[in-house]
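Chemist: I'd like to ask some things about the structure below.
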Amino acid sequence: MTDNSVVTECDLPEAPDKVWKALTVPRLLAAWLPDAVNSEILAAEPNRLLRYRWPGREEDRDERGRTLESVVTFELTGTESGGTHLRVVHRLVMAASSNILAFRGRGRKPVTSASSVLKCAA
């Protein structure tokens, strides 16, 4: 992890294709990660890797008034049990040192749990 990144990893019981669907179908993505809906896709390898550029919100500014944007990478790996190992790297593109701790501590929570969205992705 670099100074301006947060890395999260988890194992999900759903297969990579189902997790991929939850990350790429707009209505499912909006329920799980509402901040990602207005994002730009930078890279996509179906069922394996997805990278978005997330625009910063109006309140996400550094001390110079610049909007803080993020690049979020989702890496999906199939597990022996048929599920998915999900690794998420959330990196600030422009980050003033005073904002990094606020970013790490903010902990935005999804509106809907991942398991609820993945059930809909079936």
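Residue names in the structure tokens use chain letters A, B, ... in the order shown, residue numbers from 1 in each chain, and ligand numbers from 1 in the order shown.
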So which residues of region 18-49 of chain A fall under helix (DSSP H, G or I) by DSSP, listed as a tab-separated table (two decimals) with C-alpha atoms, in the first residue's frame?
Modeler:
chain	number	residue	atom	x	y	z
A	18	LYS	CA	-21.48	-12.81	-10.51
A	19	VAL	CA	-19.18	-10.35	-8.71
A	20	TRP	CA	-18.22	-8.90	-12.10
A	21	LYS	CA	-21.89	-8.35	-12.89
A	22	ALA	CA	-22.38	-6.51	-9.58
A	23	LEU	CA	-19.47	-4.23	-10.49
A	24	THR	CA	-20.53	-3.53	-14.08
A	26	PRO	CA	-25.25	0.17	-13.40
A	27	ARG	CA	-28.30	-0.52	-11.22
A	28	LEU	CA	-26.42	-3.14	-9.19
A	29	LEU	CA	-23.35	-0.95	-8.89
A	30	ALA	CA	-25.49	1.99	-7.75
A	31	ALA	CA	-27.01	-0.10	-4.97
A	32	TRP	CA	-23.64	-1.35	-3.74
A	34	PRO	CA	-23.23	4.71	-5.27
A	35	ASP	CA	-20.06	6.82	-5.67
A	36	ALA	CA	-18.97	4.63	-8.58
Chemist: Restricting the calculation to only C-alpha atoms, which member of A:Leu86, A:Leu33, A:Ala44, A:Leu50 is positioned closest to Pro16 (chain A)?
Modeler: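 Among the listed residues, A:Leu86 lies closest to Pro16 (chain A).
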Chemist: So, counting only C-alpha atoms, which residue among A:Arg48, A:Thr8, A:Glu59, A:Asn38 is closest to Val89 (chain A)?
Modeler: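 The closest residue to Val89 (chain A) is A:Thr8.
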Chemist: Could you tell me how far CA of Arg53 (chain A) lies from CA of Glu40 (chain A), in Å and to one decimal?
Modeler: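 Computed distance, CA of Arg53 (chain A) to CA of Glu40 (chain A), equals 5.1 Å.
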Chemist: Any chance you could list, as an NGL selection string, the residues in region 5-49 of chain A that come up strand (DSSP E) when DSSP is run on the backbone?
Modeler: :A and (5-12 or 40-45 or 49)
Chemist: Can you work out which one of A:Val25, A:Leu92, A:Leu12, A:Val7 has the shortest atom-to-atom distance to Thr77 (chain A), counting only C-alpha atoms?
Modeler: A:Leu12
Chemist: So which residues touch Arg87 (chain A) within 6 Å, counting only C-alpha atoms, skipping near sequence neighbours fewer than 2 positions away, as a list of chain:residue names?
Modeler: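 The contact residues come out as A:Thr8, A:Glu9, A:Phe74, A:Glu75.
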Chemist: Keeping only N, CA and C atoms, write the selected residues to a file as a compact mmCIF listing (two decimals), in the first residue's frame.
Modeler:
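What follows is the written file selection-v5.txt:
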# COMPACT_ATOMS: atom_id res chain seq x y z
N THR A 8 -8.17 -3.30 0.50
CA THR A 8 -9.08 -4.17 1.22
C THR A 8 -9.19 -5.48 0.45
N GLU A 9 -9.19 -6.59 1.18
CA GLU A 9 -9.34 -7.89 0.54
C GLU A 9 -10.38 -8.70 1.30
N PHE A 74 -10.50 -3.12 -8.83
CA PHE A 74 -11.09 -4.34 -8.30
C PHE A 74 -10.40 -5.51 -8.99
N GLU A 75 -9.76 -6.38 -8.23
CA GLU A 75 -9.13 -7.58 -8.77
C GLU A 75 -9.90 -8.79 -8.27
